[in-house]
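Accompanying notes for the structure given below.
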There are 2 protein chains.
Amino acid sequence: MKLPVSTEWVLHCATTLAQLEPGATASAAQLAAYYDLPAPYLAKQLQSLVKAGVLAATTGPRGGFRLARPAAEITLLQVVEAVDGASSPYECREIRQRGRGALPPQDCRDTCVLAAKMADAHDAWRRTLAAESLADVLAALPPTAPARTRSLLAATASPSRRTP
Amino acid sequence: MKLPVSTEWVLHCATTLAQLEPGATASAAQLAAYYDLPAPYLAKQLQSLVKAGVLAATTGPRGGFRLARPAAEITLLQVVEAVDGASSPYECREIRQRGRGALPPQDCRDTCVLAAKMADAHDAWRRTLAAESLADVLAALPPTAPARTRSLLAATASPSRRTP
DNA sequence: CCTATCTCGGACTAAATAGATCCGCAATAT
DNA sequence: ATATTGCGGATCTATTTAGTCCGAGATAGG
């Protein structure tokens, strides 16, 4: 059971975008430079956040990504499931109905006990992440963070700047 | 984020072994026939349960697997983590310390807020599975299940029995 | 006490899936 | 009109998972 590494990327990028002034955008190249990440792959992941309705993208020069909603209305669960999907890690394939020990269909009207317990655990996981919003994360950061983030992001805005 | 398919196998097999009389064993071949599973691969997974201390194995003729402890003292979490490992699905690679936006080490003395939230979610998942024992699962099954299981398992005990 | 056979145990091979990259197309502000 | 940016597809590699095989060890029966 493993989440893709891009989960950490998009969580941090969403936190970064939440620190921008309303309406401002950051491009995929800026975010990639900010965290030293492979730009094309990061862009692909940000696109899935757009499809999930977490981010909004504007194309063209000076375009980029911004939060689709206020930070208080975006939960960590929405970000995580945008890149990893919402399906449960445990998939019940009904092996209780196969083989020599197969149960008759009348005994399988309600879901398998084991599958139910695994679903309970997944629900607990989702509930924990759904209870935390990007605004909560921002509140845990030092008050100087947004200004610092904005200035460091802007350092990559112009393509003429190149630091060897 | 996906658990191996063998997770379902070992959960059901552990439940099956919990229905045997104390001291009785079932071989990997018996369990594989019971659930129509590939026998060698199932054996491999049962071995990891032995290494994790959940099952005990006795070799030689009439040998096989049995629970290493009473069913009430074996949690679903122990079974799941025996095949999938105990590591968290979210791995923090400290990207906050890399790239242009890298934070100074003094700001990273305590763990990343995002990593902490993801760890909280994983703890909630583990707690849910740790609260459920094999005995609890047995209690949710019909009272006739153990007798049925034992008789169907025994049908594969002798290699001379072959049903075309 | 010895042998035959049944069991686990770990090493080995193939398939699937995730990770990562590249290129062409559409859209927009300068 | 042009340059810059997001968007989607096709492609390639690497890691993990799924599945198979053969050998070591132990017990039951002679």
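If you're wondering about the labels, chains in the structure tokens are A, B, ... by order shown, residues count from 1 in each chain, ligands from 1 in order shown.
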Residue list (strand (DSSP E or B), DSSP) for chain A, as number ranges by chain: A: 26, 55-58, 64-67, 75, 133
What's around Gly99 of chain B at 8 Å? Count only C-alpha atoms (C1' of nucleotides), leave out sequence neighbours fewer than 4 positions away in its own chain, and write the answer as a PyMOL selection string. (chain A and resi 33-37) or (chain B and resi 95)
Between atom CA of Ala115 of chain A and atom CA of Pro146 of chain B lies a distance of 19.6 Å
When the cut-off is 7 Å and we count only C-alpha atoms, which residues of chain B are near chain A, given as JSON, numbers by chain? {"B": [1, 2, 3, 8, 33, 34, 35, 36, 84, 89, 90, 92, 95, 96, 98, 99, 100, 101, 113, 121, 122, 124, 125, 128, 129, 137, 152]}
Write a file of the just-selected residues containing N, CA and C atoms, as an mmCIF file, in the first residue's frame.
data_model
loop_
_atom_site.group_PDB
_atom_site.id
_atom_site.type_symbol
_atom_site.label_atom_id
_atom_site.label_comp_id
_atom_site.auth_asym_id
_atom_site.auth_seq_id
_atom_site.Cartn_x
_atom_site.Cartn_y
_atom_site.Cartn_z
ATOM 1 N N MET B 1 -2.714 3.927 -4.300
ATOM 2 C CA MET B 1 -2.697 3.238 -3.000
ATOM 3 C C MET B 1 -3.504 1.949 -3.116
ATOM 4 N N LYS B 2 -2.823 0.835 -3.099
ATOM 5 C CA LYS B 2 -3.502 -0.432 -3.351
ATOM 6 C C LYS B 2 -2.863 -1.520 -2.501
ATOM 7 N N LEU B 3 -3.687 -2.320 -1.902
ATOM 8 C CA LEU B 3 -3.184 -3.476 -1.157
ATOM 9 C C LEU B 3 -3.078 -4.654 -2.108
ATOM 10 N N GLU B 8 -6.610 -10.178 0.790
ATOM 11 C CA GLU B 8 -7.898 -10.845 0.979
ATOM 12 C C GLU B 8 -7.685 -12.321 1.268
ATOM 13 N N ALA B 33 -7.182 -25.115 -2.193
ATOM 14 C CA ALA B 33 -8.339 -25.763 -2.804
ATOM 15 C C ALA B 33 -9.631 -25.196 -2.245
ATOM 16 N N TYR B 34 -9.604 -24.840 -0.982
ATOM 17 C CA TYR B 34 -10.811 -24.320 -0.339
ATOM 18 C C TYR B 34 -11.265 -23.016 -0.982
ATOM 19 N N TYR B 35 -10.304 -22.188 -1.404
ATOM 20 C CA TYR B 35 -10.652 -20.879 -1.970
ATOM 21 C C TYR B 35 -10.321 -20.766 -3.452
ATOM 22 N N ASP B 36 -9.875 -21.865 -4.059
ATOM 23 C CA ASP B 36 -9.506 -21.873 -5.469
ATOM 24 C C ASP B 36 -8.425 -20.831 -5.757
ATOM 25 N N ASP B 84 1.735 -6.822 3.842
ATOM 26 C CA ASP B 84 1.937 -5.551 3.154
ATOM 27 C C ASP B 84 2.998 -4.677 3.806
ATOM 28 N N PRO B 89 1.667 4.678 3.892
ATOM 29 C CA PRO B 89 1.575 4.861 2.438
ATOM 30 C C PRO B 89 2.134 6.202 1.977
ATOM 31 N N TYR B 90 2.136 7.186 2.855
ATOM 32 C CA TYR B 90 2.680 8.494 2.507
ATOM 33 C C TYR B 90 4.102 8.598 3.037
ATOM 34 N N CYS B 92 7.239 11.007 3.442
ATOM 35 C CA CYS B 92 7.713 12.393 3.359
ATOM 36 C C CYS B 92 9.173 12.411 2.929
ATOM 37 N N ILE B 95 10.626 17.554 0.639
ATOM 38 C CA ILE B 95 10.860 18.443 -0.506
ATOM 39 C C ILE B 95 10.845 19.898 -0.059
ATOM 40 N N ARG B 96 10.375 20.155 1.141
ATOM 41 C CA ARG B 96 10.400 21.540 1.638
ATOM 42 C C ARG B 96 11.838 22.017 1.835
ATOM 43 N N ARG B 98 14.238 21.349 -0.340
ATOM 44 C CA ARG B 98 14.933 21.310 -1.620
ATOM 45 C C ARG B 98 14.422 22.414 -2.526
ATOM 46 N N GLY B 99 15.172 22.731 -3.543
ATOM 47 C CA GLY B 99 14.758 23.707 -4.535
ATOM 48 C C GLY B 99 14.964 25.139 -4.076
ATOM 49 N N ARG B 100 14.458 26.050 -4.896
ATOM 50 C CA ARG B 100 14.637 27.464 -4.615
ATOM 51 C C ARG B 100 13.926 27.878 -3.329
ATOM 52 N N GLY B 101 12.826 27.226 -3.027
ATOM 53 C CA GLY B 101 12.076 27.605 -1.837
ATOM 54 C C GLY B 101 12.486 26.859 -0.584
ATOM 55 N N VAL B 113 4.112 19.782 8.516
ATOM 56 C CA VAL B 113 2.691 19.767 8.904
ATOM 57 C C VAL B 113 1.919 18.767 8.060
ATOM 58 N N ALA B 121 -3.843 10.330 9.671
ATOM 59 C CA ALA B 121 -4.819 9.527 8.938
ATOM 60 C C ALA B 121 -4.428 8.050 8.954
ATOM 61 N N HIS B 122 -3.148 7.785 8.770
ATOM 62 C CA HIS B 122 -2.698 6.395 8.793
ATOM 63 C C HIS B 122 -2.900 5.783 10.167
ATOM 64 N N ALA B 124 -5.263 6.529 12.223
ATOM 65 C CA ALA B 124 -6.687 6.239 12.357
ATOM 66 C C ALA B 124 -7.027 4.926 11.660
ATOM 67 N N TRP B 125 -6.417 4.695 10.510
ATOM 68 C CA TRP B 125 -6.624 3.452 9.766
ATOM 69 C C TRP B 125 -6.126 2.259 10.587
ATOM 70 N N THR B 128 -8.309 1.429 13.606
ATOM 71 C CA THR B 128 -9.558 0.733 13.286
ATOM 72 C C THR B 128 -9.315 -0.760 13.102
ATOM 73 N N LEU B 129 -8.226 -1.096 12.411
ATOM 74 C CA LEU B 129 -7.951 -2.517 12.167
ATOM 75 C C LEU B 129 -7.438 -3.205 13.426
ATOM 76 N N VAL B 137 -14.467 -11.413 14.229
ATOM 77 C CA VAL B 137 -14.959 -11.816 12.916
ATOM 78 C C VAL B 137 -15.736 -13.113 13.025
ATOM 79 N N LEU B 152 -15.354 -29.372 4.981
ATOM 80 C CA LEU B 152 -14.940 -29.090 3.608
ATOM 81 C C LEU B 152 -13.428 -29.085 3.472
#
task: Output the contact residues of chain C with respect to chain A at a cut-off of 12 Å, based on only C-alpha atoms (C1' of nucleotides), as a count of residues only.
output: 12
### Test item, helix (DSSP H, G or I) assignment across segment 34-160 of chain A, answer as a VMD selection string
chain A and resid 34 to 35 39 to 51 71 to 73 76 to 84 95 to 97 105 to 108 113 to 130 134 to 139 145 to 154
Same residues, C-alpha atoms, saved as a PDB file, in the first residue's frame:
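So result-v3.pdb came out as:
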ATOM      1  CA  TYR A  34      10.470  26.110  -6.227  1.00  0.00           C
ATOM      2  CA  TYR A  35      10.623  22.474  -5.091  1.00  0.00           C
ATOM      3  CA  ALA A  39       8.555  19.962 -14.480  1.00  0.00           C
ATOM      4  CA  PRO A  40       6.686  17.869 -17.110  1.00  0.00           C
ATOM      5  CA  TYR A  41       5.572  15.249 -14.628  1.00  0.00           C
ATOM      6  CA  LEU A  42       4.511  17.837 -12.075  1.00  0.00           C
ATOM      7  CA  ALA A  43       2.456  19.573 -14.755  1.00  0.00           C
ATOM      8  CA  LYS A  44       0.669  16.333 -15.478  1.00  0.00           C
ATOM      9  CA  GLN A  45      -0.287  15.924 -11.832  1.00  0.00           C
ATOM     10  CA  LEU A  46      -1.487  19.513 -11.565  1.00  0.00           C
ATOM     11  CA  GLN A  47      -3.746  18.802 -14.510  1.00  0.00           C
ATOM     12  CA  SER A  48      -5.479  16.057 -12.581  1.00  0.00           C
ATOM     13  CA  LEU A  49      -6.088  18.547  -9.787  1.00  0.00           C
ATOM     14  CA  VAL A  50      -7.796  20.764 -12.338  1.00  0.00           C
ATOM     15  CA  LYS A  51      -9.936  17.874 -13.545  1.00  0.00           C
ATOM     16  CA  ALA A  71      -8.472  27.492   0.964  1.00  0.00           C
ATOM     17  CA  ALA A  72     -10.920  26.776   3.772  1.00  0.00           C
ATOM     18  CA  GLU A  73     -13.105  24.793   1.386  1.00  0.00           C
ATOM     19  CA  LEU A  76      -6.478  17.392   2.079  1.00  0.00           C
ATOM     20  CA  LEU A  77      -8.628  14.450   1.034  1.00  0.00           C
ATOM     21  CA  GLN A  78      -9.696  16.207  -2.159  1.00  0.00           C
ATOM     22  CA  VAL A  79      -6.068  16.869  -3.055  1.00  0.00           C
ATOM     23  CA  VAL A  80      -4.907  13.344  -2.293  1.00  0.00           C
ATOM     24  CA  GLU A  81      -7.760  11.631  -4.120  1.00  0.00           C
ATOM     25  CA  ALA A  82      -7.265  13.863  -7.141  1.00  0.00           C
ATOM     26  CA  VAL A  83      -3.920  12.213  -7.849  1.00  0.00           C
ATOM     27  CA  ASP A  84      -4.504   8.747  -6.401  1.00  0.00           C
ATOM     28  CA  ILE A  95     -13.248 -15.389  -2.871  1.00  0.00           C
ATOM     29  CA  ARG A  96     -15.755 -16.674  -0.324  1.00  0.00           C
ATOM     30  CA  GLN A  97     -17.917 -17.608  -3.312  1.00  0.00           C
ATOM     31  CA  PRO A 105     -25.491 -17.085  -2.732  1.00  0.00           C
ATOM     32  CA  GLN A 106     -28.129 -16.763  -0.030  1.00  0.00           C
ATOM     33  CA  ASP A 107     -25.333 -16.465   2.557  1.00  0.00           C
ATOM     34  CA  CYS A 108     -23.741 -13.609   0.600  1.00  0.00           C
ATOM     35  CA  VAL A 113     -17.467  -9.172   7.146  1.00  0.00           C
ATOM     36  CA  LEU A 114     -13.793  -8.732   6.342  1.00  0.00           C
ATOM     37  CA  ALA A 115     -14.525  -6.347   3.478  1.00  0.00           C
ATOM     38  CA  ALA A 116     -16.772  -4.318   5.781  1.00  0.00           C
ATOM     39  CA  LYS A 117     -14.039  -3.992   8.384  1.00  0.00           C
ATOM     40  CA  MET A 118     -11.508  -2.925   5.783  1.00  0.00           C
ATOM     41  CA  ALA A 119     -13.986  -0.372   4.457  1.00  0.00           C
ATOM     42  CA  ASP A 120     -14.442   0.973   7.983  1.00  0.00           C
ATOM     43  CA  ALA A 121     -10.704   1.536   8.235  1.00  0.00           C
ATOM     44  CA  HIS A 122     -10.628   3.327   4.903  1.00  0.00           C
ATOM     45  CA  ASP A 123     -13.507   5.527   6.004  1.00  0.00           C
ATOM     46  CA  ALA A 124     -11.600   6.478   9.142  1.00  0.00           C
ATOM     47  CA  TRP A 125      -8.637   7.432   6.958  1.00  0.00           C
ATOM     48  CA  ARG A 126     -10.777   9.537   4.655  1.00  0.00           C
ATOM     49  CA  ARG A 127     -12.556  11.214   7.537  1.00  0.00           C
ATOM     50  CA  THR A 128      -9.260  12.310   9.058  1.00  0.00           C
ATOM     51  CA  LEU A 129      -8.085  13.880   5.818  1.00  0.00           C
ATOM     52  CA  ALA A 130     -11.474  15.429   5.084  1.00  0.00           C
ATOM     53  CA  LEU A 134      -5.621  23.973   3.350  1.00  0.00           C
ATOM     54  CA  ALA A 135      -6.546  26.918   5.564  1.00  0.00           C
ATOM     55  CA  ASP A 136      -5.788  24.766   8.622  1.00  0.00           C
ATOM     56  CA  VAL A 137      -2.379  23.963   7.185  1.00  0.00           C
ATOM     57  CA  LEU A 138      -1.669  27.619   6.522  1.00  0.00           C
ATOM     58  CA  ALA A 139      -2.588  28.481  10.101  1.00  0.00           C
ATOM     59  CA  ALA A 145       5.638  32.257   5.168  1.00  0.00           C
ATOM     60  CA  PRO A 146       3.282  33.774   2.545  1.00  0.00           C
ATOM     61  CA  ALA A 147       5.471  36.808   1.858  1.00  0.00           C
ATOM     62  CA  ARG A 148       8.552  34.615   1.583  1.00  0.00           C
ATOM     63  CA  THR A 149       6.804  32.172  -0.729  1.00  0.00           C
ATOM     64  CA  ARG A 150       5.548  34.886  -3.055  1.00  0.00           C
ATOM     65  CA  SER A 151       8.925  36.525  -3.414  1.00  0.00           C
ATOM     66  CA  LEU A 152      10.756  33.245  -4.052  1.00  0.00           C
ATOM     67  CA  LEU A 153       8.161  32.160  -6.601  1.00  0.00           C
ATOM     68  CA  ALA A 154       8.468  35.451  -8.449  1.00  0.00           C
TER      69      ALA A 154
END
May I have a table of the residues of chain D lying at most 8 Å from chain A, giving each one's closest pair of atoms and their distance in Å to one decimal, counting only C-alpha atoms (C1' of nucleotides), ordered by chain and ascending residue number, as JSON lines?
{"residue": "D:DA3", "atom": "C1'", "partner": "A:Pro61", "partner_atom": "CA", "distance": 7.8}
{"residue": "D:DT4", "atom": "C1'", "partner": "A:Pro61", "partner_atom": "CA", "distance": 4.5}
{"residue": "D:DT5", "atom": "C1'", "partner": "A:Gly60", "partner_atom": "CA", "distance": 4.4}
{"residue": "D:DG6", "atom": "C1'", "partner": "A:Thr59", "partner_atom": "CA", "distance": 5.0}
{"residue": "D:DC7", "atom": "C1'", "partner": "A:Gln47", "partner_atom": "CA", "distance": 7.9}
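For the pair atom C1' of DG30 of chain D and atom C1' of DC1 of chain C, the interatomic distance is 10.3 Å.
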